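What follows is the content of entry.txt (compact mmCIF, C-alpha atoms and all ligand atoms).
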# COMPACT_ATOMS: atom_id res chain seq x y z
CA MET I 22 -101.18 117.31 62.72
CA SER I 23 -101.39 113.59 62.01
CA GLU I 24 -101.59 110.94 64.71
CA PHE I 25 -98.44 110.13 66.63
CA GLN I 26 -97.48 107.22 68.76
CA THR I 27 -96.54 108.09 72.34
CA PHE I 28 -94.15 106.27 74.62
CA THR I 29 -94.47 107.47 78.22
CA SER I 30 -93.99 104.45 80.48
CA HIS I 31 -94.03 105.99 83.95
CA LEU I 32 -92.80 108.85 86.13
CA GLU I 33 -89.86 108.60 88.50
CA CYS I 34 -88.70 110.65 91.52
CA GLY I 35 -85.51 112.47 90.49
CA MET I 36 -84.03 111.79 93.92
CA THR I 37 -85.19 108.34 95.09
CA GLY I 38 -86.14 106.69 91.79
CA GLU I 39 -89.55 105.74 93.22
CA THR I 40 -91.97 105.20 90.33
CA TYR I 41 -95.39 106.71 89.68
CA ALA I 42 -98.08 105.87 87.14
CA ALA I 43 -98.28 107.87 83.93
CA ASP I 44 -101.58 109.50 82.87
CA GLU I 45 -102.49 110.64 86.38
CA ILE I 46 -102.19 114.06 88.00
CA HIS I 47 -98.92 114.41 89.94
CA GLY I 48 -97.06 117.22 91.65
CA LEU I 49 -93.85 116.52 93.59
CA SER I 50 -92.85 113.00 94.61
CA ALA I 51 -93.51 111.68 98.12
CA ALA I 52 -89.96 112.78 98.96
CA GLY I 53 -90.90 116.33 97.93
CA LYS I 54 -88.67 116.19 94.83
CA PRO I 55 -89.30 116.70 91.10
CA LEU I 56 -90.76 113.85 89.05
CA LEU I 57 -89.14 112.94 85.74
CA VAL I 58 -91.07 111.42 82.84
CA ARG I 59 -89.70 108.10 81.58
CA TYR I 60 -90.31 106.62 78.14
CA ASP I 61 -90.11 103.23 76.52
CA LEU I 62 -86.96 104.23 74.66
CA ASP I 63 -86.63 100.95 72.76
CA ARG I 64 -90.00 101.44 71.12
CA LEU I 65 -89.43 105.19 70.73
CA GLY I 66 -86.14 104.58 68.94
CA LYS I 67 -87.84 102.29 66.46
CA ALA I 68 -90.67 104.75 65.82
CA VAL I 69 -88.63 107.86 64.90
CA SER I 70 -85.72 108.41 62.58
CA LYS I 71 -83.57 111.45 61.89
CA GLN I 72 -84.97 111.49 58.35
CA ALA I 73 -88.56 111.45 59.55
CA LEU I 74 -87.84 114.38 61.86
CA ALA I 75 -86.07 116.29 59.08
CA ALA I 76 -89.15 115.86 56.90
CA ARG I 77 -91.33 117.63 59.48
CA THR I 78 -90.77 121.25 58.61
CA GLU I 79 -93.53 122.83 60.72
CA GLY I 80 -94.46 122.85 64.37
CA GLY I 81 -91.32 123.96 66.25
CA PHE I 82 -90.75 121.74 69.28
CA TRP I 83 -93.96 119.81 68.58
CA ARG I 84 -91.96 118.15 65.81
CA TYR I 85 -90.54 115.99 68.63
CA ARG I 86 -93.95 114.60 69.59
CA GLU I 87 -92.64 111.07 70.19
CA PHE I 88 -90.27 112.43 72.86
CA LEU I 89 -93.13 114.20 74.63
CA PRO I 90 -95.85 112.99 76.99
CA VAL I 91 -99.02 114.39 75.36
CA ARG I 92 -101.01 111.37 74.17
CA ARG I 93 -103.84 112.92 72.13
CA THR I 94 -103.32 115.46 69.36
CA GLU I 95 -106.47 117.40 70.34
CA ASN I 96 -104.71 118.29 73.61
CA VAL I 97 -101.67 119.84 71.90
CA ILE I 98 -101.93 123.58 72.59
CA SER I 99 -100.01 125.57 70.02
CA LEU I 100 -99.40 129.26 69.38
CA GLY I 101 -97.21 128.85 66.31
CA GLU I 102 -93.96 127.60 67.83
CA VAL I 103 -90.80 127.85 65.72
CA MET I 104 -87.41 126.16 65.76
CA THR I 105 -85.28 128.91 67.28
CA PRO I 106 -82.21 129.96 65.30
CA LEU I 107 -78.61 129.32 66.26
CA ILE I 108 -76.80 132.53 65.44
CA ALA I 109 -73.02 132.59 65.10
CA ALA I 110 -71.29 135.50 66.86
CA GLU I 111 -68.66 135.69 64.16
CA ALA I 112 -67.29 139.15 64.87
CA ILE I 113 -66.73 138.29 68.52
CA SER I 114 -65.16 134.88 67.95
CA ALA I 115 -62.86 136.35 65.27
CA ARG I 116 -61.80 139.18 67.58
CA LEU I 117 -61.14 136.80 70.49
CA GLY I 118 -59.57 134.14 68.28
CA CYS I 119 -61.79 131.44 69.72
CA ALA I 120 -63.80 128.52 68.34
CA GLU I 121 -67.41 128.86 67.22
CA LEU I 122 -69.63 130.92 69.53
CA LEU I 123 -73.34 130.39 68.92
CA VAL I 124 -76.42 132.00 70.42
CA LYS I 125 -79.62 129.98 70.60
CA ASP I 126 -82.15 132.77 70.36
CA GLU I 127 -85.20 131.66 72.29
CA GLY I 128 -86.76 135.11 72.11
CA ARG I 129 -88.42 134.06 68.84
CA LEU I 130 -90.90 131.77 70.59
CA PRO I 131 -94.53 132.68 71.40
CA THR I 132 -94.69 135.10 74.36
CA GLY I 133 -91.08 136.06 73.61
CA SER I 134 -89.31 133.57 75.84
CA PHE I 135 -88.38 129.91 76.20
CA LYS I 136 -90.92 129.60 78.98
CA ALA I 137 -93.28 128.85 76.07
CA ARG I 138 -91.63 125.43 75.73
CA GLY I 139 -92.28 124.43 79.34
CA LEU I 140 -95.71 125.93 79.70
CA ALA I 141 -96.97 124.61 76.36
CA LEU I 142 -96.26 121.12 77.71
CA ALA I 143 -97.59 121.82 81.22
CA VAL I 144 -100.82 123.29 79.86
CA SER I 145 -101.29 120.59 77.21
CA MET I 146 -100.82 117.90 79.84
CA ALA I 147 -103.16 119.74 82.21
CA LYS I 148 -105.79 119.68 79.48
CA GLU I 149 -105.17 116.00 78.88
CA LEU I 150 -105.52 115.25 82.59
CA GLY I 151 -108.68 117.32 83.01
CA ILE I 152 -107.20 120.21 85.05
CA THR I 153 -109.21 123.43 84.65
CA ARG I 154 -107.39 125.91 86.91
CA MET I 155 -103.63 126.48 87.21
CA ALA I 156 -101.52 128.80 89.39
CA MET I 157 -97.88 129.77 89.58
CA PRO I 158 -95.34 132.22 91.01
CA THR I 159 -93.26 133.98 88.36
CA ASN I 160 -90.61 136.60 87.75
CA GLY I 161 -92.46 137.41 84.53
CA ASN I 162 -91.88 135.19 81.53
CA ALA I 163 -93.31 131.96 82.92
CA GLY I 164 -96.48 133.75 83.98
CA ALA I 165 -96.86 135.22 80.49
CA ALA I 166 -96.52 131.80 78.92
CA LEU I 167 -98.98 130.22 81.37
CA ALA I 168 -101.49 133.00 80.73
CA ALA I 169 -101.17 132.68 76.95
CA TYR I 170 -101.27 128.89 76.65
CA GLY I 171 -103.87 128.69 79.43
CA SER I 172 -106.22 131.07 77.65
CA ARG I 173 -105.73 129.18 74.42
CA ALA I 174 -106.58 125.91 76.16
CA GLY I 175 -109.58 127.33 78.01
CA ILE I 176 -107.82 126.80 81.34
CA GLU I 177 -108.10 129.47 84.03
CA SER I 178 -104.77 130.82 85.33
CA TYR I 179 -103.66 132.63 88.49
CA VAL I 180 -100.26 134.30 88.44
CA PHE I 181 -98.34 135.76 91.39
CA CYS I 182 -95.39 138.11 90.73
CA PRO I 183 -92.97 139.91 93.03
CA ASP I 184 -94.13 143.57 93.03
CA ASP I 185 -90.94 144.72 91.32
CA THR I 186 -91.46 142.42 88.29
CA PRO I 187 -90.96 144.46 85.10
CA ASP I 188 -94.21 146.23 84.21
CA VAL I 189 -94.27 144.85 80.68
CA ASN I 190 -94.41 141.29 82.05
CA VAL I 191 -97.16 142.04 84.56
CA ARG I 192 -99.25 143.70 81.85
CA GLU I 193 -98.76 141.00 79.24
CA ILE I 194 -99.75 138.37 81.81
CA ALA I 195 -102.96 140.23 82.61
CA LEU I 196 -103.73 140.99 78.95
CA GLN I 197 -103.40 137.33 78.06
CA GLY I 198 -106.12 136.51 80.53
CA ALA I 199 -104.55 135.48 83.85
CA HIS I 200 -105.75 136.65 87.25
CA THR I 201 -102.61 138.66 88.06
CA PHE I 202 -101.28 139.59 91.50
CA LEU I 203 -98.31 141.62 92.79
CA VAL I 204 -96.75 140.34 96.02
CA ASN I 205 -94.40 142.35 98.23
CA GLY I 206 -91.83 139.54 98.33
CA LEU I 207 -89.68 137.35 96.09
CA ILE I 208 -90.62 134.42 93.85
CA ASN I 209 -90.35 131.90 96.69
CA ASP I 210 -92.79 134.01 98.72
CA CYS I 211 -95.17 133.96 95.75
CA GLY I 212 -94.67 130.19 95.58
CA ARG I 213 -95.75 129.83 99.19
CA ILE I 214 -99.01 131.67 98.41
CA VAL I 215 -99.70 129.28 95.53
CA GLY I 216 -98.92 126.24 97.69
CA GLU I 217 -101.05 127.39 100.60
CA GLY I 218 -103.98 128.36 98.37
CA LYS I 219 -104.32 124.94 96.78
CA GLU I 220 -107.12 123.74 99.01
CA ALA I 221 -109.16 126.94 99.05
CA MET I 222 -108.80 127.60 95.33
CA GLY I 223 -108.57 124.08 93.90
CA TRP I 224 -105.84 125.10 91.49
CA PHE I 225 -103.02 122.98 90.15
CA ASP I 226 -99.57 124.28 91.20
CA CYS I 227 -97.36 124.52 88.12
CA SER I 228 -94.39 126.17 89.83
CA THR I 229 -90.99 125.33 88.32
CA LEU I 230 -90.34 121.58 88.74
CA LYS I 231 -93.36 121.11 91.03
CA GLU I 232 -95.13 119.43 88.12
CA PRO I 233 -93.43 116.93 85.79
CA TYR I 234 -94.01 118.36 82.32
CA ARG I 235 -92.27 121.75 82.10
CA ILE I 236 -88.95 119.85 82.06
CA GLU I 237 -90.19 117.86 79.07
CA GLY I 238 -90.90 121.08 77.21
CA LYS I 239 -87.50 122.54 78.06
CA LYS I 240 -85.91 119.24 77.08
CA THR I 241 -86.73 120.07 73.48
CA MET I 242 -83.96 122.70 73.57
CA GLY I 243 -81.45 119.87 73.82
CA ILE I 244 -83.05 117.84 71.01
CA GLU I 245 -83.36 120.89 68.78
CA LEU I 246 -79.79 121.98 69.44
CA ALA I 247 -78.42 118.53 68.64
CA GLU I 248 -80.49 118.34 65.45
CA GLN I 249 -79.33 121.81 64.35
CA LEU I 250 -75.72 120.74 64.88
CA GLY I 251 -76.20 117.65 62.68
CA TRP I 252 -76.90 115.38 65.65
CA THR I 253 -73.80 116.41 67.56
CA VAL I 254 -73.40 118.48 70.71
CA PRO I 255 -71.26 121.58 71.34
CA ASP I 256 -68.30 121.48 73.73
CA VAL I 257 -69.87 123.87 76.22
CA ILE I 258 -73.41 125.11 76.97
CA LEU I 259 -73.78 128.26 79.07
CA TYR I 260 -77.24 128.42 80.61
CA PRO I 261 -78.71 131.24 82.73
CA THR I 262 -79.91 129.25 85.70
CA GLY I 263 -82.88 130.12 87.87
CA GLY I 264 -84.93 127.03 88.66
CA GLY I 265 -82.70 125.14 86.25
CA THR I 266 -85.49 123.50 84.22
CA GLY I 267 -83.67 124.00 80.94
CA LEU I 268 -80.33 122.70 82.15
CA ILE I 269 -81.93 119.63 83.71
CA GLY I 270 -84.14 119.15 80.66
CA MET I 271 -81.29 119.33 78.15
CA TRP I 272 -79.22 116.92 80.20
CA LYS I 273 -82.16 114.49 80.17
CA ALA I 274 -82.59 115.00 76.41
CA PHE I 275 -78.98 114.02 75.71
CA ASP I 276 -79.40 110.77 77.65
CA GLU I 277 -82.57 109.92 75.74
CA LEU I 278 -80.93 110.77 72.41
CA GLU I 279 -77.98 108.55 73.24
CA ALA I 280 -80.29 105.71 74.30
CA ILE I 281 -81.95 105.69 70.88
CA GLY I 282 -78.64 106.05 69.07
CA PHE I 283 -79.12 109.60 67.74
CA ILE I 284 -75.94 110.91 69.45
CA GLY I 285 -72.91 109.29 71.03
CA SER I 286 -71.71 109.38 74.63
CA ARG I 287 -69.90 112.71 74.35
CA ARG I 288 -71.64 115.44 76.33
CA PRO I 289 -71.30 119.22 76.43
CA ARG I 290 -69.86 120.69 79.60
CA MET I 291 -72.88 122.29 81.27
CA VAL I 292 -72.25 125.71 82.80
CA ALA I 293 -74.81 127.25 85.16
CA VAL I 294 -74.66 131.03 84.99
CA GLN I 295 -76.08 133.09 87.85
CA ALA I 296 -75.82 136.70 89.05
CA THR I 297 -73.54 137.65 91.95
CA GLY I 298 -76.65 139.09 93.68
CA CYS I 299 -78.37 135.67 93.61
CA ALA I 300 -76.02 132.72 93.21
CA PRO I 301 -77.20 129.79 95.36
CA ILE I 302 -76.14 127.16 92.82
CA VAL I 303 -72.69 128.70 92.37
CA ARG I 304 -72.16 128.74 96.13
CA ALA I 305 -73.26 125.10 96.47
CA TRP I 306 -71.06 124.05 93.54
CA GLU I 307 -68.03 125.83 95.02
CA ASN I 308 -68.66 124.24 98.42
CA GLY I 309 -69.09 120.77 96.94
CA GLN I 310 -72.67 120.48 98.23
CA ASP I 311 -75.53 118.47 96.69
CA HIS I 312 -78.16 120.97 97.72
CA ALA I 313 -78.20 124.77 97.61
CA GLU I 314 -79.27 126.83 100.59
CA LEU I 315 -81.66 129.75 100.26
CA TRP I 316 -79.90 132.92 99.06
CA GLN I 317 -80.78 135.89 101.31
CA ASN I 318 -81.70 139.31 99.84
CA ALA I 319 -81.57 138.15 96.25
CA THR I 320 -81.14 141.01 93.80
CA THR I 321 -80.17 141.26 90.11
CA MET I 322 -81.34 143.04 86.98
CA ALA I 323 -81.68 139.60 85.36
CA ALA I 324 -85.12 138.88 86.85
CA GLY I 325 -85.40 135.43 85.22
CA ILE I 326 -82.50 134.12 87.29
CA ARG I 327 -83.47 135.79 90.54
CA VAL I 328 -84.45 132.51 92.13
CA PRO I 329 -83.19 132.24 95.74
CA VAL I 330 -84.00 128.56 96.14
CA ALA I 331 -84.55 125.80 93.57
CA VAL I 332 -86.35 122.48 94.23
CA GLY I 333 -84.27 120.88 91.47
CA ASP I 334 -80.95 122.09 92.94
CA PHE I 335 -79.53 118.54 93.22
CA LEU I 336 -80.40 117.77 89.60
CA ILE I 337 -78.70 120.96 88.40
CA LEU I 338 -75.59 120.27 90.48
CA ARG I 339 -75.52 116.63 89.35
CA ALA I 340 -75.64 117.61 85.66
CA ILE I 341 -72.89 120.21 86.11
CA ARG I 342 -70.63 117.69 87.87
CA GLU I 343 -71.28 114.74 85.57
CA SER I 344 -70.61 116.92 82.55
CA GLY I 345 -67.32 118.36 83.82
CA GLY I 346 -68.88 121.81 83.76
CA PHE I 347 -69.00 124.49 86.41
CA ALA I 348 -71.16 127.24 87.94
CA ILE I 349 -70.21 130.88 87.66
CA ALA I 350 -71.65 134.20 88.84
CA VAL I 351 -71.43 137.53 87.04
CA SER I 352 -72.20 141.03 88.33
CA ASP I 353 -75.03 143.23 87.06
CA GLU I 354 -72.38 145.69 85.76
CA ASP I 355 -70.84 142.91 83.68
CA ILE I 356 -74.28 141.80 82.48
CA GLN I 357 -75.13 145.32 81.33
CA ALA I 358 -71.74 145.75 79.62
CA ALA I 359 -72.16 142.37 77.89
CA LEU I 360 -75.67 143.29 76.72
CA VAL I 361 -74.48 146.58 75.21
CA GLY I 362 -71.32 145.06 73.76
CA PHE I 363 -73.10 142.15 72.12
CA ALA I 364 -75.81 144.35 70.61
CA ARG I 365 -73.25 146.76 69.12
CA GLU I 366 -70.86 144.12 67.84
CA GLU I 367 -73.30 141.48 66.60
CA GLY I 368 -76.55 143.40 66.11
CA LEU I 369 -78.48 141.06 68.39
CA LEU I 370 -80.29 142.42 71.42
CA LEU I 371 -79.97 139.90 74.25
CA CYS I 372 -82.14 139.78 77.36
CA PRO I 373 -80.19 140.40 80.61
CA GLU I 374 -80.16 136.66 81.37
CA GLY I 375 -78.77 135.94 77.90
CA ALA I 376 -76.24 138.73 78.35
CA ALA I 377 -75.21 137.04 81.63
CA THR I 378 -74.14 133.97 79.66
CA TYR I 379 -71.99 136.15 77.37
CA ALA I 380 -70.46 137.88 80.41
CA ALA I 381 -69.77 134.45 81.93
CA PHE I 382 -68.26 133.23 78.67
CA LEU I 383 -65.84 136.20 78.62
CA ALA I 384 -64.91 135.69 82.28
CA ALA I 385 -64.39 131.93 81.86
CA LEU I 386 -62.35 132.42 78.70
CA SER I 387 -59.97 134.78 80.47
CA SER I 388 -59.73 132.61 83.61
CA GLY I 389 -59.07 129.49 81.51
CA GLN I 390 -62.25 127.67 82.66
CA ILE I 391 -63.20 127.65 78.97
CA SER I 392 -60.48 127.15 76.36
CA LYS I 393 -60.30 128.95 73.01
CA HIS I 394 -60.71 125.62 71.26
CA GLU I 395 -64.10 124.83 72.74
CA SER I 396 -67.26 125.56 70.77
CA CYS I 397 -69.81 127.29 72.99
CA VAL I 398 -73.56 127.84 72.90
CA LEU I 399 -75.08 130.74 74.83
CA PHE I 400 -78.79 130.66 75.64
CA ASN I 401 -80.65 133.89 75.03
CA CYS I 402 -83.86 132.91 76.73
CA ALA I 403 -86.09 135.86 75.94
CA THR I 404 -86.36 138.74 73.55
CA GLY I 405 -84.36 141.75 74.69
CA LEU I 406 -87.33 143.91 73.77
CA LYS I 407 -89.23 142.86 76.90
CA TYR I 408 -86.80 144.61 79.24
CA PRO I 409 -86.31 148.21 80.31
CA MET I 410 -83.69 149.89 78.13
CA PRO I 411 -81.60 152.99 78.84
CA ALA I 412 -82.89 156.29 77.48
CA ALA I 413 -81.55 157.10 74.02
CA GLY I 414 -81.94 159.44 71.10
CA ALA I 415 -80.33 162.87 70.66
CA ALA I 416 -82.80 165.73 70.21
CA ILE I 417 -83.03 167.59 66.93
CA ASP I 418 -84.85 170.91 66.56
CA MET I 419 -86.47 170.71 63.15
CA HIS I 420 -86.82 174.50 63.06
CA ALA I 421 -83.08 175.18 63.51
CA PRO I 422 -80.27 174.52 61.00
CA ILE I 423 -78.96 170.97 61.48
CA ASP I 424 -75.24 170.55 62.09
CA TYR I 425 -74.59 167.43 60.02
CA GLY I 426 -70.92 167.69 60.86
CA SER I 427 -71.59 166.68 64.47
CA ILE I 428 -74.35 164.15 63.79
CA GLY I 429 -72.05 161.13 63.49
CA ARG I 430 -70.80 161.70 67.03
CA ALA I 431 -74.29 161.34 68.61
CA LYS I 432 -75.48 157.89 69.74
C1 LIG Z 501 -87.00 131.58 83.55
C2 LIG Z 501 -85.87 132.25 82.88
C3 LIG Z 501 -84.57 131.81 83.08
C4 LIG Z 501 -84.22 130.65 83.98
O1 LIG Z 501 -84.69 129.45 83.45
P1 LIG Z 501 -84.70 128.10 84.32
O2 LIG Z 501 -84.77 127.02 83.33
O3 LIG Z 501 -85.91 128.18 85.20
O4 LIG Z 501 -83.45 128.10 85.12
C5 LIG Z 501 -83.56 132.47 82.40
N1 LIG Z 501 -83.81 133.51 81.59
C6 LIG Z 501 -85.07 133.95 81.36
C7 LIG Z 501 -85.27 135.09 80.43
C8 LIG Z 501 -86.14 133.34 82.00
O5 LIG Z 501 -87.39 133.79 81.78
What does the file become when written as structure tokens?
Amino acid sequence: MSEFQTFTSHLECGMTGETYAADEIHGLSAAGKPLLVRYDLDRLGKAVSKQALAARTEGGFWRYREFLPVRRTENVISLGEVMTPLIAAEAISARLGCAELLVKDEGRLPTGSFKARGLALAVSMAKELGITRMAMPTNGNAGAALAAYGSRAGIESYVFCPDDTPDVNVREIALQGAHTFLVNGLINDCGRIVGEGKEAMGWFDCSTLKEPYRIEGKKTMGIELAEQLGWTVPDVILYPTGGGTGLIGMWKAFDELEAIGFIGSRRPRMVAVQATGCAPIVRAWENGQDHAELWQNATTMAAGIRVPVAVGDFLILRAIRESGGFAIAVSDEDIQAALVGFAREEGLLLCPEGAATYAAFLAALSSGQISKHESCVLFNCATGLKYPMPAAGAAIDMHAPIDYGSIGRAK
């Protein structure tokens, strides 16, 4: 990779606007809120062009180096990132008679989920800032991405999962070199262990939004999406919302792209999708609140969005409101039905969180919250192959005569 110019000017508290110096280690702001990275957008806009970006055919989200905080190329940690495809659900949109329905399939990224975007940036910045030990709570995918990028960077990682995290996630985390722990609680309980262990263990806490750079990685979803759509934005984005990094990141990306003249002032309506068993953002949105209270007894099959409390709640709610979007919860039954329906009709296996966005799309289309004329993008944030699947396969006795007449009726 050749040398790139970088444009970080400072960091800023997402709540108070208080500024912090770039190129130093930071966690939350003094107000206990997420820090956002700010760039010299005038200089950035002069340094990149749409043509120059189009000419970079390799590198996935690292193609947007000027929009990212890593200063030195030797600190860029890469596992072969790709630009994730936008797949049109043509059978479904034709059947429903609605405008274009696209799936951004993030399951193609290293470690099989979009957590690769955030953790690649967090780990690269940790390397740049001299951090040697990182820790985080996770429902699975973030831990896998930290373990993978951490090992690649030579940074030690400690990962704490709720003890009912899918086995495949726990094992991939451990195999990719993290110290891996199962906690008899939820992700916020795991987060408390990471926070309280800081002094004894000397690790850097890279929990969702508790460090500034995961947002910058997730921001690349917004840049990539706009570029794939010919530097335009869709009418609606449906995003499965846990900590909300991606939704906040994309919203930030659109502002930066407008500031440098790559897109206009039109914005997609941002829709936060949650599960009825864990819907703190939906409840806050419906009650007109700026902050979301902790959701008790959180439960859903969509582990990635089982996040009872989010530090960036106000940023999520702000983006939803400013965009004219909404927040919506769907049941696990609807998620499962959406997952099966989408796979059969379109041949694409979604993860449960991705299926939740399809379920929400169907619900919002029938309630009128989304109109048939609006183009929509669903985020499938991980490969469906990482999740438990229902038993399948009809038995055949190879020693007995096979009744081919009945074979077409088996699933
Ligand atoms: C982490 C995760 C989410 C939620 O992402 P946020 O940006 O933290 O809200 C959704 N789906 C999957 C598969 C995830 O791993």
For ligand LIG 501 (chain Z), I'd like the enclosing box, axis-aligned and padded by 5 Å on every side, reported as lines of an AutoDock Vina configuration file with centre and edge lengths in Å to one decimal.
center_x = -85.4
center_y = 131.1
center_z = 82.8
size_x = 13.9
size_y = 18.1
size_z = 14.8
(request) Point out the residue among I:His31, I:His200, I:Lys407, I:His394 with the least atom-to-atom distance to ligand LIG 501 (chain Z), counting all atoms listed in the file. (result)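 Among the listed residues, the smallest separation from ligand LIG 501 (chain Z) belongs to I:Lys407.
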(request) May I have the residues within 10 Å of Glu45 of chain I as a VMD selection string, using all atoms listed in the file and disregarding those fewer than 6 positions away in the same chain? (result) chain I and resid 31 to 32 146 149 to 151
(request) Counting only C-alpha atoms, figure out which residue out of I:Gly267, I:Pro411, I:Gly426, I:Pro301 gets nearest to Asp334 of chain I. (result)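 So, comparing all the options, the nearest one is I:Pro301.
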(message) So the first atom is atom CA of Val103 of chain I and the second is atom CA of Gly171 of chain I; what is the distance between them in Å, to one decimal place?
(response)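 Atom CA of Gly171 of chain I lies 19.0 Å from atom CA of Val103 of chain I.
Omitting Ala300 of chain I and its sequence neighbours fewer than 6 positions away, and counting all atoms listed in the file, the residues within 9 Å are Val294, Trp316, Ala319, Ile326, Arg327, Val328, Pro329, Ile349 and Ala350 of chain I.
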Since the input is missing atoms for segment 364-375 of chain I, could you rebuild it with N, CA and C atoms and give the result as a tab-separated table (two decimals), in the coordinates of the input?
chain	number	residue	atom	x	y	z
I	364	ALA	N	-74.87	143.69	71.53
I	364	ALA	CA	-75.81	144.35	70.61
I	364	ALA	C	-75.04	145.18	69.58
I	365	ARG	N	-74.01	145.89	70.04
I	365	ARG	CA	-73.25	146.76	69.12
I	365	ARG	C	-72.41	145.94	68.16
I	366	GLU	N	-71.80	144.86	68.67
I	366	GLU	CA	-70.86	144.12	67.84
I	366	GLU	C	-71.55	143.13	66.91
I	367	GLU	N	-72.66	142.53	67.39
I	367	GLU	CA	-73.30	141.48	66.60
I	367	GLU	C	-74.69	141.87	66.08
I	368	GLY	N	-75.22	142.99	66.57
I	368	GLY	CA	-76.55	143.40	66.11
I	368	GLY	C	-77.66	142.53	66.65
I	369	LEU	N	-77.44	141.91	67.79
I	369	LEU	CA	-78.48	141.06	68.39
I	369	LEU	C	-78.71	141.54	69.82
I	370	LEU	N	-79.95	141.93	70.09
I	370	LEU	CA	-80.29	142.42	71.42
I	370	LEU	C	-80.61	141.25	72.33
I	371	LEU	N	-79.76	141.00	73.31
I	371	LEU	CA	-79.97	139.90	74.25
I	371	LEU	C	-80.84	140.38	75.41
I	372	CYS	N	-81.50	139.45	76.09
I	372	CYS	CA	-82.14	139.78	77.36
I	372	CYS	C	-81.03	139.79	78.41
I	373	PRO	N	-81.26	140.38	79.59
I	373	PRO	CA	-80.19	140.40	80.61
I	373	PRO	C	-79.67	139.00	80.97
I	374	GLU	N	-80.58	138.02	81.02
I	374	GLU	CA	-80.16	136.66	81.37
I	374	GLU	C	-79.26	136.09	80.27
I	375	GLY	N	-79.61	136.36	79.02
I	375	GLY	CA	-78.77	135.94	77.90
I	375	GLY	C	-77.43	136.66	77.94
